[in-house]
Amino acid sequence: ALSTHFYFLFWTLGYTDICSGLSYDRGLRRVGTYCGAVPGKDPHRVTQELQEEREELLKRRVRVHRCLGEFKADVRNAVLKDPDRWVWMLLQDCFLPRCLLSFPDALFCGEFLTTMHQLCLGLPSLKLLNALFTYSPFWLLSVSTKEADRVGRFLCLVVGMVMKWRLEYPLFEKECAGWPGLNDYTTALGYLRFKLVHRKLHDRLTASFQRCFALGDTHQHLNLLIALKALHTVYPLHSVHGPKLLALVRPLKEIDLLRQPAVQYCNALTSKKFNSSINKDDEHQDRDSKSKASDPSPTQQPPTRKRSPEPPRFANKKHQSYSTH
């Protein structure tokens, strides 16, 4: 499902390659500051080194833009063939192994996902987000504490991207309205529908953390707490999820190894202020769902099907014998 060209692009690019041009500008300023801070260095030599570094950064930026343009058709063909398999291959062979390597690699995975969406390649973004929100907490059950922090940083970028779409309607219209990968089956995903999708994504993330806390041991609980700490600024956003997470973390205060991170997370979650607009939308959604459950619409009778005529039945058995003549 993933071509060799896609693998090569994903594993050779860096964080500064897929970010905006500000990263290159910061790199140039950093080189200029370093060259100017060296005592006794010839100003002409400093200018020459800075010019060489600028040319190298510009060449790399042009090469990256060319690579991103070349693999568009490759990605479109792979997604159209089997989108479900493409999503799982992307998670298992790209995002998960690379975000465990280092902190810059975790940031790269988040920015790479954002870049793929901005290129408008027709990616199944809803399926990819659904898989990340549902299964990413289970990654924390088989990694080290440092790797758990990197997974949390990667998830923070993904959840933060979805949070910006949820809170800022102009940004949603700019980056999501009419996007092929954010279609709900055959219809375009509107802003009101996206609010409901955002709530469901967070419901699945909370349910996954609940299952992981029920299955894990002390080390795995520590990994979950580390990831929740990294997600604190963007998750939970819905007030209904706060008590559920507190109910999971409070019993961990009795364990010596988990006491300090559990107390810190409980204090931070207790003092967190939730967005009032999101709470109002949640109340309206809950009220609508309860009203539909209490007053269901009358069910329509299924259409009657015409029965095919039955074959004639014989009155007695002797008429069923066949003549051999």
# chains A, B, ... in the order shown; residues from 1 in each chain; ligands from 1
call {"tool": "residues_around", "arguments": {"residues": "Arg199 (chain A)", "least_positions_apart": "4", "cutoff": "8 Å", "atoms": "only C-alpha atoms", "output": "JSON, numbers by chain"}}
result
{"A": [195, 203, 238, 282]}
call {"tool": "atom_distance", "arguments": {"atom1": "CA of Ser208 (chain A)", "atom2": "CA of Thr134 (chain A)"}}
result
6.0 Å
call {"tool": "atom_distance", "arguments": {"atom1": "CA of His221 (chain A)", "atom2": "CA of Val151 (chain A)"}}
result
14.5 Å
call {"tool": "atom_distance", "arguments": {"atom1": "CA of Tyr15 (chain A)", "atom2": "CA of Asp82 (chain A)"}}
result
28.5 Å
call {"tool": "select_by_dssp", "arguments": {"residues": "region 208-291 of chain A", "states": "helix (DSSP H, G or I)", "output": "VMD selection string"}}
result
chain A and resid 208 to 215 218 to 230 241 to 254 256 to 270 276 to 291
call {"tool": "write_last_selection", "arguments": {"atoms": "C-alpha atoms", "output": "PDB file, in the first residue's frame"}}
result
ATOM      1  CA  SER A 208      -9.296   3.727  25.216  1.00  0.00           C
ATOM      2  CA  PHE A 209      -7.555   5.233  28.249  1.00  0.00           C
ATOM      3  CA  GLN A 210     -10.115   3.533  30.487  1.00  0.00           C
ATOM      4  CA  ARG A 211      -9.402   0.136  28.940  1.00  0.00           C
ATOM      5  CA  CYS A 212      -5.641   0.682  29.165  1.00  0.00           C
ATOM      6  CA  PHE A 213      -5.806   1.634  32.851  1.00  0.00           C
ATOM      7  CA  ALA A 214      -7.884  -1.486  33.498  1.00  0.00           C
ATOM      8  CA  LEU A 215      -5.388  -3.747  31.710  1.00  0.00           C
ATOM      9  CA  THR A 218       2.400  -0.138  37.423  1.00  0.00           C
ATOM     10  CA  HIS A 219       4.906   0.623  34.645  1.00  0.00           C
ATOM     11  CA  GLN A 220       2.149   0.885  32.051  1.00  0.00           C
ATOM     12  CA  HIS A 221       0.130   3.160  34.331  1.00  0.00           C
ATOM     13  CA  LEU A 222       3.184   5.407  34.580  1.00  0.00           C
ATOM     14  CA  ASN A 223       3.376   5.594  30.791  1.00  0.00           C
ATOM     15  CA  LEU A 224      -0.301   6.532  30.613  1.00  0.00           C
ATOM     16  CA  LEU A 225       0.193   9.299  33.182  1.00  0.00           C
ATOM     17  CA  ILE A 226       3.163  10.668  31.237  1.00  0.00           C
ATOM     18  CA  ALA A 227       1.113  10.782  28.034  1.00  0.00           C
ATOM     19  CA  LEU A 228      -1.843  12.423  29.795  1.00  0.00           C
ATOM     20  CA  LYS A 229       0.490  15.081  31.175  1.00  0.00           C
ATOM     21  CA  ALA A 230       1.755  15.812  27.653  1.00  0.00           C
ATOM     22  CA  HIS A 241     -14.385  13.485  30.384  1.00  0.00           C
ATOM     23  CA  GLY A 242     -12.722  15.196  33.353  1.00  0.00           C
ATOM     24  CA  PRO A 243     -14.467  13.122  36.078  1.00  0.00           C
ATOM     25  CA  LYS A 244     -13.826   9.927  34.154  1.00  0.00           C
ATOM     26  CA  LEU A 245     -10.083  10.602  34.022  1.00  0.00           C
ATOM     27  CA  LEU A 246     -10.011  11.625  37.681  1.00  0.00           C
ATOM     28  CA  ALA A 247     -11.686   8.355  38.616  1.00  0.00           C
ATOM     29  CA  LEU A 248      -8.888   6.510  36.789  1.00  0.00           C
ATOM     30  CA  VAL A 249      -5.975   8.466  38.271  1.00  0.00           C
ATOM     31  CA  ARG A 250      -7.023   8.958  41.907  1.00  0.00           C
ATOM     32  CA  PRO A 251      -6.535   5.304  42.960  1.00  0.00           C
ATOM     33  CA  LEU A 252      -2.942   5.509  41.693  1.00  0.00           C
ATOM     34  CA  LYS A 253      -2.026   7.906  44.508  1.00  0.00           C
ATOM     35  CA  GLU A 254      -1.717   4.898  46.819  1.00  0.00           C
ATOM     36  CA  ASP A 256       4.618   4.879  45.721  1.00  0.00           C
ATOM     37  CA  LEU A 257       5.983   4.959  42.176  1.00  0.00           C
ATOM     38  CA  LEU A 258       2.870   6.690  40.812  1.00  0.00           C
ATOM     39  CA  ARG A 259       2.015   9.010  43.689  1.00  0.00           C
ATOM     40  CA  GLN A 260       3.820  12.133  42.481  1.00  0.00           C
ATOM     41  CA  PRO A 261       2.682  12.087  38.797  1.00  0.00           C
ATOM     42  CA  ALA A 262      -0.856  11.096  39.839  1.00  0.00           C
ATOM     43  CA  VAL A 263      -1.128  13.956  42.338  1.00  0.00           C
ATOM     44  CA  GLN A 264       0.259  16.453  39.827  1.00  0.00           C
ATOM     45  CA  TYR A 265      -2.175  15.383  37.120  1.00  0.00           C
ATOM     46  CA  CYS A 266      -5.165  15.379  39.477  1.00  0.00           C
ATOM     47  CA  ASN A 267      -4.347  18.894  40.665  1.00  0.00           C
ATOM     48  CA  ALA A 268      -3.909  20.157  37.113  1.00  0.00           C
ATOM     49  CA  LEU A 269      -7.131  18.521  35.935  1.00  0.00           C
ATOM     50  CA  THR A 270      -9.133  19.788  38.928  1.00  0.00           C
ATOM     51  CA  SER A 276     -18.015  27.258  27.762  1.00  0.00           C
ATOM     52  CA  SER A 277     -19.041  26.967  24.094  1.00  0.00           C
ATOM     53  CA  ILE A 278     -18.015  23.299  23.977  1.00  0.00           C
ATOM     54  CA  ASN A 279     -19.987  22.601  27.164  1.00  0.00           C
ATOM     55  CA  LYS A 280     -23.099  24.243  25.693  1.00  0.00           C
ATOM     56  CA  ASP A 281     -22.816  22.202  22.513  1.00  0.00           C
ATOM     57  CA  ASP A 282     -22.408  19.031  24.585  1.00  0.00           C
ATOM     58  CA  GLU A 283     -25.549  19.869  26.575  1.00  0.00           C
ATOM     59  CA  HIS A 284     -27.542  20.403  23.373  1.00  0.00           C
ATOM     60  CA  GLN A 285     -26.254  17.136  21.904  1.00  0.00           C
ATOM     61  CA  ASP A 286     -27.060  15.188  25.067  1.00  0.00           C
ATOM     62  CA  ARG A 287     -30.526  16.768  25.229  1.00  0.00           C
ATOM     63  CA  ASP A 288     -31.242  15.910  21.595  1.00  0.00           C
ATOM     64  CA  SER A 289     -30.062  12.320  22.031  1.00  0.00           C
ATOM     65  CA  LYS A 290     -32.236  11.876  25.157  1.00  0.00           C
ATOM     66  CA  SER A 291     -35.282  13.333  23.421  1.00  0.00           C
TER      67      SER A 291
END
call {"tool": "select_by_dssp", "arguments": {"residues": "region 47-238 of chain A", "states": "strand (DSSP E or B)", "output": "VMD selection string"}}
result
chain A and resid 183 to 184 187 to 188
call {"tool": "residues_around", "arguments": {"residues": "Gly190 (chain A)", "least_positions_apart": "3", "cutoff": "7 Å", "atoms": "only C-alpha atoms", "output": "PyMOL selection string"}}
result
chain A and resi 177+193-194
call {"tool": "closest_residue", "arguments": {"among": "A:Arg61, A:Arg85, A:Lys127, A:Lys146", "to": "Ser102 (chain A)", "atoms": "only C-alpha atoms"}}
result
A:Lys146
